Each structure stands twice: as structure tokens, then as C-alpha cells.
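A.B. asks: Dropping in target.cif, with mmCIF, C-alpha atoms.
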```
data_target
loop_
_atom_site.label_atom_id
_atom_site.label_comp_id
_atom_site.auth_asym_id
_atom_site.auth_seq_id
_atom_site.Cartn_x
_atom_site.Cartn_y
_atom_site.Cartn_z
CA MET A 221 -4.00 2.37 79.90
CA LYS A 222 -6.76 -0.21 79.61
CA THR A 223 -8.90 2.33 77.75
CA ILE A 224 -6.02 3.04 75.33
CA ASN A 225 -5.51 -0.70 74.71
CA ILE A 226 -9.19 -1.16 73.99
CA ILE A 227 -9.12 1.76 71.54
CA SER A 228 -5.96 0.40 69.90
CA ARG A 229 -7.54 -3.00 69.50
CA ILE A 230 -10.65 -1.44 67.96
CA CYS A 231 -8.51 0.57 65.49
CA LEU A 232 -6.50 -2.51 64.61
CA ALA A 233 -9.67 -4.49 64.00
CA VAL A 234 -11.00 -1.73 61.77
CA LEU A 235 -7.75 -1.67 59.77
CA ILE A 236 -7.81 -5.44 59.38
CA VAL A 237 -11.43 -5.33 58.16
CA LEU A 238 -10.62 -2.51 55.76
CA GLY A 239 -7.57 -4.42 54.55
CA LEU A 240 -9.64 -7.54 53.97
CA PHE A 241 -12.24 -5.49 52.14
CA ALA A 242 -9.57 -3.87 49.98
CA CYS A 243 -8.05 -7.25 49.10
CA LYS A 244 -11.45 -8.64 48.24
CA LYS A 245 -12.18 -5.59 46.07
CA ASP A 246 -8.91 -6.00 44.13
CA LYS A 247 -9.65 -9.71 43.61
CA ASP A 248 -13.18 -8.98 42.45
CA LEU A 249 -11.91 -6.40 39.95
CA GLN A 250 -9.46 -8.96 38.56
CA ASN A 251 -12.25 -11.51 38.15
CA GLU A 252 -14.43 -8.93 36.41
CA ALA A 253 -11.64 -8.27 33.87
CA GLY A 254 -11.57 -11.98 33.08
CA LEU A 255 -9.01 -13.98 31.17
CA GLN A 256 -7.07 -11.83 28.70
CA VAL A 257 -4.45 -12.57 26.02
CA ILE A 258 -1.43 -10.39 26.73
CA GLN A 259 0.97 -11.35 23.89
CA THR A 260 1.14 -13.74 20.93
CA THR A 261 4.44 -14.46 19.17
CA TYR A 262 5.13 -16.95 16.36
CA ASP A 263 6.67 -17.25 12.86
CA SER A 264 4.04 -17.28 10.09
CA SER A 265 6.34 -18.68 7.39
CA TYR A 266 5.84 -22.19 5.98
CA THR A 267 8.80 -23.63 7.95
CA ALA A 268 8.46 -25.50 11.27
CA SER A 269 8.67 -23.05 14.15
CA GLU A 270 7.82 -22.35 17.76
CA GLY A 271 6.08 -19.53 19.57
CA PHE A 272 4.08 -18.66 22.66
CA ILE A 273 0.94 -17.02 24.01
CA LYS A 274 0.96 -15.10 27.31
CA VAL A 275 -2.31 -14.73 29.26
CA SER A 276 -3.38 -12.72 32.32
CA GLU A 277 -4.45 -15.60 34.58
CA ALA A 278 -3.49 -19.17 35.45
CA GLY A 279 -5.85 -22.14 35.70
CA PHE A 280 -7.09 -22.17 32.09
CA THR A 281 -7.81 -25.06 29.71
CA LEU A 282 -6.74 -25.37 26.05
CA ASN A 283 -8.26 -26.64 22.84
CA VAL A 284 -6.71 -26.54 19.31
CA ASP A 285 -8.70 -27.29 16.15
CA ALA A 286 -5.81 -28.28 13.82
CA PRO A 287 -3.37 -31.23 14.05
CA TRP A 288 -0.41 -29.24 12.65
CA LEU A 289 -0.40 -26.93 15.68
CA LYS A 290 0.50 -28.13 19.18
CA ALA A 291 -0.34 -25.92 22.18
CA THR A 292 0.76 -26.86 25.71
CA VAL A 293 0.95 -25.13 29.09
CA LYS A 294 4.54 -24.02 29.70
CA ASP A 295 3.94 -22.28 33.03
CA GLU A 296 0.98 -20.76 34.86
CA LYS A 297 0.44 -17.95 32.34
CA THR A 298 2.35 -19.06 29.23
CA ILE A 299 1.29 -21.38 26.39
CA SER A 300 3.94 -22.96 24.12
CA LEU A 301 3.19 -23.24 20.39
CA LYS A 302 4.76 -25.68 17.93
CA LEU A 303 3.94 -25.30 14.22
CA GLU A 304 4.70 -28.12 11.81
CA ALA A 305 6.12 -27.20 8.39
CA ASN A 306 3.46 -26.43 5.77
CA ALA A 307 4.28 -28.59 2.74
CA SER A 308 1.33 -27.26 0.74
CA SER A 309 1.14 -24.09 -1.35
CA PHE A 310 -1.79 -22.68 0.58
CA THR A 311 -2.18 -20.61 3.71
CA ARG A 312 -3.81 -22.37 6.65
CA ASN A 313 -5.32 -21.21 9.94
CA ALA A 314 -5.77 -22.80 13.37
CA VAL A 315 -7.62 -21.51 16.41
CA VAL A 316 -6.31 -21.87 19.98
CA LYS A 317 -9.27 -21.71 22.38
CA ILE A 318 -8.31 -20.66 25.93
CA SER A 319 -11.04 -21.05 28.58
CA LYS A 320 -11.43 -20.27 32.25
CA GLY A 321 -14.91 -20.35 33.69
CA LYS A 322 -17.09 -18.08 31.60
CA SER A 323 -14.08 -16.29 30.08
CA ILE A 324 -13.04 -17.58 26.63
CA GLN A 325 -10.30 -16.19 24.39
CA GLU A 326 -9.61 -17.41 20.84
CA VAL A 327 -6.29 -16.81 19.10
CA THR A 328 -6.01 -17.44 15.34
CA ILE A 329 -2.63 -18.73 14.16
CA THR A 330 -1.92 -18.23 10.43
CA GLN A 331 0.77 -20.11 8.55
CA PHE A 332 1.61 -19.34 4.92
CA GLY A 333 2.19 -22.02 2.30
CA ARG A 334 5.45 -22.52 0.41
CA ASN A 335 4.41 -20.25 -2.43
CA ASP A 336 1.88 -17.90 -0.92
CA TYR A 337 3.51 -16.43 2.16
CA SER A 338 4.09 -13.39 -0.01
CA GLN A 339 0.72 -13.36 -1.76
CA GLY A 340 0.86 -9.61 -2.23
CA LEU A 341 3.96 -9.94 -4.41
CA ARG A 342 2.50 -9.14 -7.83
CA ASP A 343 3.02 -7.23 -11.06
CA ILE A 344 2.75 -3.48 -10.50
CA THR A 345 1.98 -0.66 -12.93
CA ALA A 346 2.59 2.97 -12.00
CA GLU A 347 1.77 6.11 -13.97
CA ARG A 348 3.94 9.03 -15.08
CA ASP A 349 3.97 10.87 -11.73
CA GLY A 350 5.80 8.00 -10.07
CA GLY A 351 5.18 7.12 -6.43
CA VAL A 352 5.62 4.34 -3.89
CA ALA A 353 4.04 0.88 -3.78
CA THR A 354 4.15 -1.00 -0.46
CA ILE A 355 3.49 -4.74 -0.20
CA PRO A 356 3.44 -6.71 3.09
CA VAL A 357 5.72 -9.78 2.81
CA HIS A 358 6.64 -12.62 5.18
CA PHE A 359 9.81 -14.47 4.25
CA PRO A 360 11.31 -17.39 6.21
CA SER A 361 14.82 -16.05 5.69
CA LYS A 362 16.58 -12.95 4.44
CA ALA A 363 15.40 -12.06 0.96
CA THR A 364 17.53 -10.84 -1.93
CA LEU A 365 16.16 -8.49 -4.60
CA THR A 366 17.45 -8.30 -8.18
CA LEU A 367 16.30 -5.71 -10.75
CA SER A 368 16.80 -6.28 -14.47
CA PRO A 369 15.52 -4.35 -17.53
CA ALA A 370 12.79 -5.84 -19.70
CA LYS A 371 14.60 -4.59 -22.81
CA LYS A 372 18.23 -5.40 -23.38
CA GLY A 373 20.47 -2.45 -22.66
CA ALA A 374 17.76 -0.42 -20.93
CA SER A 375 18.24 1.19 -17.52
CA THR A 376 16.55 0.37 -14.23
CA ASP A 377 17.60 3.63 -12.55
CA TRP A 378 13.98 4.82 -12.54
CA VAL A 379 12.85 2.20 -10.01
CA LYS A 380 14.17 1.15 -6.59
CA ALA A 381 13.19 -1.78 -4.35
CA GLU A 382 13.95 -2.64 -0.73
CA ILE A 383 12.53 -4.70 2.13
CA LYS A 384 12.00 -2.89 5.41
CA ASP A 385 9.90 -3.87 8.45
CA SER A 386 8.27 -6.85 6.67
CA LYS A 387 7.30 -4.64 3.71
CA LEU A 388 8.52 -4.63 0.13
CA ILE A 389 8.85 -0.95 -0.83
CA ILE A 390 9.03 -0.07 -4.53
CA LYS A 391 9.73 3.53 -5.57
CA PHE A 392 9.03 4.83 -9.09
CA GLU A 393 10.60 8.06 -10.36
CA ALA A 394 8.43 10.52 -12.30
CA PHE A 395 8.57 10.74 -16.09
CA ALA A 396 10.48 13.58 -17.71
CA PRO A 397 8.18 16.25 -19.29
CA ASP A 398 8.78 14.95 -22.83
CA GLN A 399 8.64 11.26 -21.93
CA TYR A 400 5.69 9.15 -23.14
CA ASP A 401 6.94 5.61 -23.76
CA THR A 402 6.24 2.81 -21.29
CA ARG A 403 9.22 1.42 -19.40
CA GLU A 404 9.49 -1.93 -17.65
CA ALA A 405 11.81 -3.84 -15.35
CA PHE A 406 11.71 -7.25 -13.70
CA LEU A 407 12.14 -7.75 -9.96
CA LYS A 408 13.32 -11.17 -8.80
CA VAL A 409 12.74 -11.98 -5.13
CA GLU A 410 14.55 -14.92 -3.56
CA ALA A 411 14.28 -16.17 0.04
CA GLY A 412 15.30 -19.71 0.93
CA LEU A 413 13.40 -22.06 -1.38
CA PHE A 414 11.15 -19.24 -2.52
CA SER A 415 11.77 -17.46 -5.83
CA LYS A 416 9.42 -15.22 -7.77
CA THR A 417 9.83 -12.65 -10.55
CA VAL A 418 7.33 -9.83 -11.07
CA SER A 419 6.96 -7.05 -13.63
CA LEU A 420 7.37 -3.40 -12.64
CA LYS A 421 5.90 -1.19 -15.33
CA GLN A 422 5.46 2.55 -15.65
CA THR A 423 3.16 4.07 -18.26
CA TRP A 424 2.22 7.55 -19.32
CA GLY A 425 -1.30 6.77 -18.05
CA LYS A 426 -4.64 8.28 -18.88
CA PRO A 427 -4.81 11.72 -20.49
CA ARG A 428 -5.54 14.70 -18.27
CA TYR A 429 -7.47 17.76 -19.26
CA LYS A 430 -4.48 19.83 -20.38
CA ASP A 431 -3.13 16.87 -22.38
CA ILE A 432 -6.26 16.81 -24.54
CA LEU A 433 -6.34 20.47 -25.61
CA GLY A 434 -5.17 21.13 -29.16
CA ASP A 435 -5.62 20.30 -32.85
CA TYR A 436 -7.20 17.07 -34.12
CA VAL A 437 -8.29 15.32 -37.27
CA LEU A 438 -11.96 14.35 -37.19
CA GLN A 439 -12.57 11.28 -39.34
CA TYR A 440 -16.26 10.62 -40.02
CA LYS A 441 -19.04 9.59 -42.40
CA GLU A 442 -21.83 11.97 -43.34
CA THR A 443 -24.20 9.07 -43.97
CA GLN A 444 -24.01 5.34 -43.34
CA ASP A 445 -23.26 4.63 -46.99
CA GLY A 446 -20.99 7.61 -47.48
CA LYS A 447 -17.23 7.54 -47.89
CA THR A 448 -14.99 8.24 -44.96
CA LYS A 449 -14.01 11.92 -44.76
CA GLN A 450 -11.89 14.01 -42.49
CA ILE A 451 -11.62 17.64 -41.39
CA ASP A 452 -9.39 19.61 -39.06
CA VAL A 453 -10.96 20.49 -35.72
CA ARG A 454 -9.75 21.86 -32.40
CA LEU A 455 -10.52 21.17 -28.74
CA GLU A 456 -10.34 24.46 -26.85
CA ASN A 457 -10.53 25.31 -23.17
CA PHE A 458 -13.94 26.07 -21.65
CA THR A 459 -14.80 27.70 -18.34
CA GLU A 460 -16.55 24.65 -16.87
CA LYS A 461 -14.39 21.95 -15.30
CA ASN A 462 -13.30 19.12 -17.64
CA THR A 463 -15.23 20.66 -20.54
CA PHE A 464 -13.96 21.49 -24.04
CA VAL A 465 -15.33 23.43 -27.00
CA LEU A 466 -15.06 21.43 -30.22
CA MET A 467 -14.48 23.91 -33.04
CA GLY A 468 -14.73 22.97 -36.73
CA LEU A 469 -18.33 21.86 -37.29
CA SER A 470 -21.04 24.31 -38.28
CA VAL A 471 -21.10 25.56 -34.67
CA GLY A 472 -18.95 25.08 -31.60
CA VAL A 473 -20.18 22.25 -29.36
CA LEU A 474 -19.24 21.15 -25.85
CA LEU A 475 -17.54 17.88 -24.91
CA THR A 476 -16.68 16.68 -21.39
CA TRP A 477 -13.79 14.51 -20.20
CA ASN A 478 -14.07 11.74 -17.59
CA GLU A 479 -10.48 10.97 -16.63
CA GLU A 480 -11.39 8.04 -14.39
CA LEU A 481 -13.17 6.20 -17.21
CA GLY A 482 -10.98 7.53 -20.02
CA VAL A 483 -14.06 8.70 -21.92
CA LEU A 484 -14.77 11.85 -23.94
CA LYS A 485 -18.50 12.54 -23.78
CA PHE A 486 -20.31 14.16 -26.74
CA PRO A 487 -23.79 14.97 -25.36
CA SER A 488 -27.02 16.07 -26.97
CA MET A 489 -27.88 19.65 -26.02
CA GLU A 490 -29.51 22.88 -27.02
CA LEU A 491 -27.03 25.31 -28.56
CA PRO A 492 -26.93 29.12 -28.36
CA LYS A 493 -29.06 30.76 -31.03
CA PRO A 494 -27.29 32.39 -33.96
CA LYS A 495 -28.17 36.03 -34.61
CA ASN A 496 -30.38 35.21 -37.60
CA PHE A 497 -32.75 33.01 -35.51
CA ASN A 498 -36.10 34.43 -34.43
CA GLU A 499 -37.51 34.12 -30.93
CA LYS A 500 -39.32 30.80 -31.53
CA GLU A 501 -36.54 29.01 -33.42
CA GLN A 502 -34.07 26.72 -31.64
CA LEU A 503 -30.75 25.08 -32.44
CA PHE A 504 -29.76 21.63 -31.15
CA ILE A 505 -27.14 18.95 -31.50
CA GLY A 506 -28.39 15.44 -30.86
CA VAL A 507 -27.47 11.79 -31.16
CA CYS A 508 -29.11 10.25 -34.21
CA GLY A 509 -29.56 7.02 -36.13
CA ASN A 510 -28.50 8.75 -39.37
CA GLY A 511 -29.98 6.11 -41.61
CA TYR A 512 -28.18 3.11 -40.13
CA LYS A 513 -30.10 -0.11 -40.70
CA GLY A 514 -30.99 -2.23 -37.70
CA GLU A 515 -31.56 -5.95 -37.35
CA ASP A 516 -34.93 -5.58 -39.08
CA GLY A 517 -33.28 -3.93 -42.11
CA VAL A 518 -35.16 -0.67 -41.51
CA GLU A 519 -33.25 2.62 -41.54
CA ASN A 520 -33.08 4.51 -38.27
CA ASN A 521 -33.61 8.23 -38.79
CA LYS A 522 -34.60 9.10 -35.23
CA ILE A 523 -33.03 11.79 -33.06
CA TYR A 524 -32.26 10.95 -29.43
CA PRO A 525 -32.16 14.28 -27.53
CA LYS A 526 -31.27 12.68 -24.18
CA TYR A 527 -28.42 10.48 -25.46
CA ALA A 528 -24.68 11.07 -25.72
CA MET A 529 -21.94 9.57 -27.87
CA LEU A 530 -18.98 8.26 -25.87
CA GLY A 531 -15.46 8.48 -27.24
CA LYS A 532 -13.15 5.95 -25.65
CA TRP A 533 -9.51 6.87 -25.32
CA ILE A 534 -7.31 4.36 -27.17
CA GLU A 535 -4.96 3.21 -24.42
CA THR A 536 -1.96 2.76 -26.69
CA THR A 537 -1.95 6.49 -27.47
CA THR A 538 -0.35 9.29 -25.45
CA LYS A 539 -0.31 13.08 -25.57
CA LYS A 540 1.63 13.13 -28.84
CA ASN A 541 -0.81 10.85 -30.73
CA LEU A 542 -4.04 10.86 -28.73
CA MET A 543 -7.03 9.10 -30.29
CA PHE A 544 -10.68 8.84 -29.26
CA VAL A 545 -13.14 6.57 -31.04
CA PHE A 546 -16.93 7.11 -31.02
CA PRO A 547 -18.37 3.81 -32.29
CA THR A 548 -21.96 3.06 -33.27
CA PHE A 549 -24.04 1.07 -30.80
CA LYS A 550 -27.31 -0.86 -30.75
CA GLU A 551 -30.47 -0.24 -28.80
CA LYS A 552 -32.38 -3.13 -27.21
CA ASP A 553 -34.76 -3.11 -30.16
CA GLY A 554 -31.82 -3.67 -32.54
CA LYS A 555 -31.77 -0.11 -33.91
CA VAL A 556 -28.29 1.21 -34.67
CA ILE A 557 -27.25 4.62 -33.32
CA GLY A 558 -24.00 6.26 -34.23
CA GLY A 559 -24.14 9.89 -35.28
CA MET A 560 -24.32 13.49 -34.12
CA PHE A 561 -26.76 15.81 -35.90
CA ILE A 562 -26.87 19.64 -35.69
CA TYR A 563 -30.38 20.79 -36.50
CA LYS A 564 -32.70 23.76 -36.41
CA VAL A 565 -36.24 23.51 -35.05
CA THR A 566 -38.47 26.06 -36.74
CA ALA A 567 -41.37 27.93 -35.16
CA ASP A 568 -43.83 25.35 -36.53
CA GLY A 569 -41.74 22.40 -35.25
CA LYS A 570 -39.95 21.36 -38.44
CA ILE A 571 -36.45 19.85 -38.13
CA ILE A 572 -33.88 21.17 -40.62
CA PRO A 573 -30.15 20.25 -40.84
CA TYR A 574 -28.07 23.27 -39.89
CA PRO A 575 -24.95 23.78 -42.05
CA SER A 576 -24.13 27.20 -40.49
CA LEU A 577 -24.67 30.68 -41.86
CA ASP A 578 -22.38 30.23 -44.86
CA GLY A 579 -23.92 26.86 -45.73
CA LYS A 580 -20.49 25.20 -45.68
CA GLY A 581 -20.31 23.83 -42.15
CA ILE A 582 -20.68 20.13 -41.37
CA HIS A 583 -23.93 19.24 -39.60
CA THR A 584 -23.83 15.41 -39.46
CA ILE A 585 -21.04 13.06 -38.45
CA SER A 586 -21.33 9.30 -37.96
CA ASP A 587 -18.98 6.50 -36.89
CA PHE A 588 -16.31 9.07 -36.09
CA SER A 589 -13.00 9.47 -34.30
CA LEU A 590 -10.65 12.21 -33.11
CA THR A 591 -6.89 11.85 -33.64
CA ARG A 592 -4.21 14.28 -32.53
CA LYS A 593 -2.94 16.26 -35.52
CA LEU A 594 0.80 15.71 -35.95
#
```
Now, as a test, write the supplied structure out as C-alpha cells.
C.D. replies:
Amino acid sequence: MKTINIISRICLAVLIVLGLFACKKDKDLQNEAGLQVIQTTYDSSYTASEGFIKVSEAGFTLNVDAPWLKATVKDEKTISLKLEANASSFTRNAVVKISKGKSIQEVTITQFGRNDYSQGLRDITAERDGGVATIPVHFPSKATLTLSPAKKGASTDWVKAEIKDSKLIIKFEAFAPDQYDTREAFLKVEAGLFSKTVSLKQTWGKPRYKDILGDYVLQYKETQDGKTKQIDVRLENFTEKNTFVLMGLSVGVLLTWNEELGVLKFPSMELPKPKNFNEKEQLFIGVCGNGYKGEDGVENNKIYPKYAMLGKWIETTTKKNLMFVFPTFKEKDGKVIGGMFIYKVTADGKIIPYPSLDGKGIHTISDFSLTRKL
């Protein structure tokens, strides 16, 4: 029996030691984790409000860097927050610094001003495909939304607005296939003392490749002193992406479309040889000065084989009346550039204007534009 008691006492001692070791291990793990912020809750509107911060450990100290925010210890692991009303129109921030030993946690408290707690509330423009715009908003009280047409008697059925989960959600319906005109509505948002009206607009948007295909009137000058002329041309589909064939000059030439920039690019390039050209002859289209006088009064008759003319889409035009303008521009040396020149380079290097096989095609255009043919 004595032997059994001794063994029992030894086992009990071992269990106690193991238990003490286990407790110490748990405590050490907790210390290694350090002070942590578990939850932060407060109202970010401009009105006076209260909130709290929950932390993982007791025995911390507090420091706040702004007089409008009061932070006090409510219980061992909870900090009470009191925010004074923000009378200004600007958002402000305060930092609550929570320290325990070497562990430091900082919590930033943001409070919106009277007019900017919904800073994202702004005018919105959507394009023809419609879609959804989402804006984070923070209102001190329930907000009311009112839609009204920009034009008397117009409908607002094409746009919907609602607030859900602290977000203003605006839905635009797509345009009908034959619809091109811009439509607009006003959205009035009211919440307590806050009131703001924004514009909701939907436009046809930038042209896409298929929109640009078709017949155009090319208005141009053959020389800088010449009268304005016009001819019928056509932009046809080409195998390369966003590339057109411009038909109507002495030869077909390639143009490219940059939808993002809204620019039709007319580059200099070597053209395919006509059948009547010999092996050493070449055909080009290039940007040229075409006799335009620069700041020094001297005519510019140079060809710029690495340049391109850029036709900017006129934003007030849509598929039914598309217009692209290719204006002249100046070099750093004051020389004016503003034309496209189709020319033949002979075997001995001579440059000759190329009016096509029948001699009737147009080889030079300056200060030109393309307008959809009605």
C-alpha cells in the first residue's frame, strides 16, 4: 500500500507540473499575440454620436490626438467613444492610440463634414450600353431620392436609383438600336439637413468600328491657297483589327481607329505597286507640308514619311452624322504640316505626284475632314 501511495503521489506531482507547464504555455502564447483590436463601431456622419472599441486584453493605456473625440475605458476590454458634432464642411480624422507594454494599436476614427459625408455623390455620365454605377454614401438619417427629367415632359423611366447597404446604386437602361440623342435626368438626394442634386446623363458615346463604316464626304484643299473642295469617299472593312480602307482617292489607303482616344489615324506608308510600275519604282502616301507657310514665311514642301495625320472625332456627332477633322499642326521649328500626298518614287529617286492610272484621281489633300454622307 505504501508503494502504491508513493507512486500515486509521484503521478500527481507529474500531473501538477504538466498542468503548470500547460498553463504557462497558454499564457506565453497569449503574450506573444499581444494586444489586438477586436471590433470598432461608431457613426461616421457629422452628427454627435457614440461608439466603442473592443480589445483582446485589459491593462492598456489610451491617447487621443483630437479634442473632438473622447475615449475612455468602459470596462477591462472595452473603450467608449464620444464624437462631437462636426460643424465644418470637411472630413476630419482622429487616432486612438492603445498601448500595453511593447504592443501598440492605432485606430483611425473618420467623421464626415456637413456637406462631404457623401463626397462620392457626383454627376454621372453613362454610354449607350447602359450599366450600373455604385457610390458609397454615409447619411446621418434615412435618405429620400427624387428623379426628375432635365427637359420638361421627358421620361425618367430609363434610369433607376436606390440606396442599399450604404451604397447609392444607379441603373441605366441601354439605348434602343435607333437611338442617338443624349438624355438627362436630375437626382435629388435629401437626408436630414443634407440636400444635393446631381445630373444623370446618358450619351451615345464614342463611335465603334462598325459605326464608322460607310459613305462620307471628304472636304479638303489641294493646296494651301486653293478653294475648299469635296468628293465622295467610303470607309470599307479591312482584315486587320480597327483598320479601314479609304476608297475615293487615286488609290485605296488604310486608316486605323483608336476608340479609347476617339481618333482616326491616317498614317504615312508604302502602298502596293500598281501593275504598270517596274521593279524599282515605289508608291507611297505621306504627310506633307503642301506649301503651307511657317512662322518664317517660307513654304513647307517637305514630306514626312514617319508622320501621321490624326482625325479627331467631333463629340457632338453620332453614327448618323459622324465627323472627323484632320487639322494642320506646327512643328517645333514653326513649320506647318497639314496634308497627305500620294507620290511615286522613280528608279532614279525622283518624286512625282500620283493621280492614278487614269490621271483623274486625287493625290493631295490638305486641311481636310470626313463627314458622314446623309
A.B. asks: When you count all atoms listed in the file, which of these residues is closest to Ile355 of chain A: A:Lys570, A:Ile383, A:Phe464, A:Val556?
C.D. replies: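 For Ile355 of chain A, the nearest of the given residues is A:Ile383.
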A.B. asks: Between A:Asn541, A:Ser586, A:Asn498, A:Ser470, single out the one closest to Asn510 of chain A, counting only C-alpha atoms.
C.D. replies: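 Answer, going by the shortest atom-to-atom distance: A:Ser586.
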A.B. asks: So how far away is atom CA of Gly506 of chain A from atom CA of Met489 of chain A, in Å?
C.D. replies: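 Atom CA of Gly506 of chain A lies at a distance of 6.4 Å from atom CA of Met489 of chain A.
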A.B. asks: Pick the closest to Tyr436 of chain A from A:Ala363, A:Leu474, A:Leu594, A:Val357: which is it, counting only C-alpha atoms?
C.D. replies: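 So, comparing all the options, the nearest one is A:Leu594.
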A.B. asks: Between A:Ile505, A:Leu481, A:Val453, A:Val284, single out the one closest to Ser589 of chain A, counting all atoms listed in the file.
C.D. replies: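 Result for the nearest residue to Ser589 of chain A: A:Val453.
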A.B. asks: Kindly give the distance, in Å, that separates atom CA of Gln331 of chain A and atom CA of Ser264 of chain A, rounded to a single decimal.
C.D. replies: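 One can read the atom CA of Gln331 of chain A to atom CA of Ser264 of chain A distance as 4.6 Å.
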A.B. asks: Please compute the atom CA of Ser276 of chain A-atom CA of Val327 of chain A distance, one decimal, in Å.
C.D. replies: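 Computing it gives 14.1 Å between the two atoms.
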A.B. asks: Which of these, A:Asn496, A:Ser361, A:Ser300, A:Thr354, has the shortest distance to Leu413 of chain A once you count only C-alpha atoms?
C.D. replies: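 Closest to Leu413 of chain A, using only C-alpha atoms: A:Ser361.
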A.B. asks: Using only C-alpha atoms, which of the listed residues (A:Ile318, A:Leu303, A:Ala291, A:Leu433) sits closest to Glu277 of chain A?
C.D. replies: A:Ile318
A.B. asks: Enumerate, as a list in words, the residues matched when the PyMOL selection byres ((chain A and resi 434) around 10) is run on the file above.
C.D. replies: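 This file gives the following for the PyMOL selection byres ((chain A and resi 434) around 10): Lys430, Asp431, Ile432, Leu433, Asp435, Tyr436, Val453, Arg454, Leu455, Glu456, Asn457, Leu466, Arg592 and Lys593 of chain A.
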A.B. asks: The PyMOL selection byres ((chain A and resi 557) around 10) on the file shown: which residues, as number ranges by chain?
C.D. replies: A: 507-514, 520-524, 527, 529, 547-551, 554-556, 558-560, 586-587
A.B. asks: Any chance you could model N, CA and C atoms for segment 426-450 of chain A and send them as a tab-separated table (two decimals), in the coordinates of the input?
C.D. replies:
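Saved result, out15.tsv, follows:
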```tsv
chain	number	residue	atom	x	y	z
A	426	LYS	N	-3.50	7.66	-18.21
A	426	LYS	CA	-4.64	8.28	-18.88
A	426	LYS	C	-4.40	9.76	-19.13
A	427	PRO	N	-4.97	10.29	-20.22
A	427	PRO	CA	-4.81	11.72	-20.49
A	427	PRO	C	-5.47	12.56	-19.40
A	428	ARG	N	-4.92	13.72	-19.15
A	428	ARG	CA	-5.54	14.70	-18.27
A	428	ARG	C	-6.04	15.86	-19.12
A	429	TYR	N	-6.80	16.71	-18.50
A	429	TYR	CA	-7.47	17.76	-19.26
A	429	TYR	C	-6.52	18.54	-20.16
A	430	LYS	N	-5.41	19.01	-19.59
A	430	LYS	CA	-4.48	19.83	-20.38
A	430	LYS	C	-3.84	19.04	-21.52
A	431	ASP	N	-3.72	17.70	-21.32
A	431	ASP	CA	-3.13	16.87	-22.38
A	431	ASP	C	-4.00	16.84	-23.63
A	432	ILE	N	-5.30	17.01	-23.44
A	432	ILE	CA	-6.26	16.81	-24.54
A	432	ILE	C	-6.43	18.06	-25.40
A	433	LEU	N	-6.19	19.23	-24.84
A	433	LEU	CA	-6.34	20.47	-25.61
A	433	LEU	C	-5.48	20.45	-26.86
A	434	GLY	N	-6.00	21.02	-27.96
A	434	GLY	CA	-5.17	21.13	-29.16
A	434	GLY	C	-5.88	20.74	-30.44
A	435	ASP	N	-5.10	20.55	-31.50
A	435	ASP	CA	-5.62	20.30	-32.85
A	435	ASP	C	-5.78	18.80	-33.11
A	436	TYR	N	-6.88	18.46	-33.81
A	436	TYR	CA	-7.20	17.07	-34.12
A	436	TYR	C	-7.70	16.93	-35.55
A	437	VAL	N	-7.65	15.69	-36.02
A	437	VAL	CA	-8.29	15.32	-37.27
A	437	VAL	C	-9.55	14.55	-36.91
A	438	LEU	N	-10.69	15.05	-37.39
A	438	LEU	CA	-11.96	14.35	-37.19
A	438	LEU	C	-12.25	13.51	-38.42
A	439	GLN	N	-12.24	12.20	-38.24
A	439	GLN	CA	-12.57	11.28	-39.34
A	439	GLN	C	-14.00	10.82	-39.13
A	440	TYR	N	-14.83	10.86	-40.19
A	440	TYR	CA	-16.26	10.62	-40.02
A	440	TYR	C	-16.90	10.18	-41.33
A	441	LYS	N	-18.19	9.81	-41.23
A	441	LYS	CA	-19.04	9.59	-42.40
A	441	LYS	C	-20.24	10.51	-42.26
A	442	GLU	N	-20.64	11.12	-43.38
A	442	GLU	CA	-21.83	11.97	-43.34
A	442	GLU	C	-23.10	11.13	-43.30
A	443	THR	N	-23.08	10.02	-43.99
A	443	THR	CA	-24.20	9.07	-43.97
A	443	THR	C	-23.62	7.67	-43.84
A	444	GLN	N	-24.50	6.70	-43.55
A	444	GLN	CA	-24.01	5.34	-43.34
A	444	GLN	C	-23.37	4.75	-44.58
A	445	ASP	N	-23.81	5.17	-45.74
A	445	ASP	CA	-23.26	4.63	-46.99
A	445	ASP	C	-22.19	5.54	-47.59
A	446	GLY	N	-21.94	6.65	-46.93
A	446	GLY	CA	-20.99	7.61	-47.48
A	446	GLY	C	-19.55	7.18	-47.29
A	447	LYS	N	-18.66	7.81	-48.03
A	447	LYS	CA	-17.23	7.54	-47.89
A	447	LYS	C	-16.70	8.20	-46.62
A	448	THR	N	-15.62	7.66	-46.13
A	448	THR	CA	-14.99	8.24	-44.96
A	448	THR	C	-14.32	9.56	-45.33
A	449	LYS	N	-14.57	10.59	-44.53
A	449	LYS	CA	-14.01	11.92	-44.76
A	449	LYS	C	-13.26	12.38	-43.52
A	450	GLN	N	-12.54	13.47	-43.66
A	450	GLN	CA	-11.89	14.01	-42.49
A	450	GLN	C	-11.76	15.53	-42.60
```
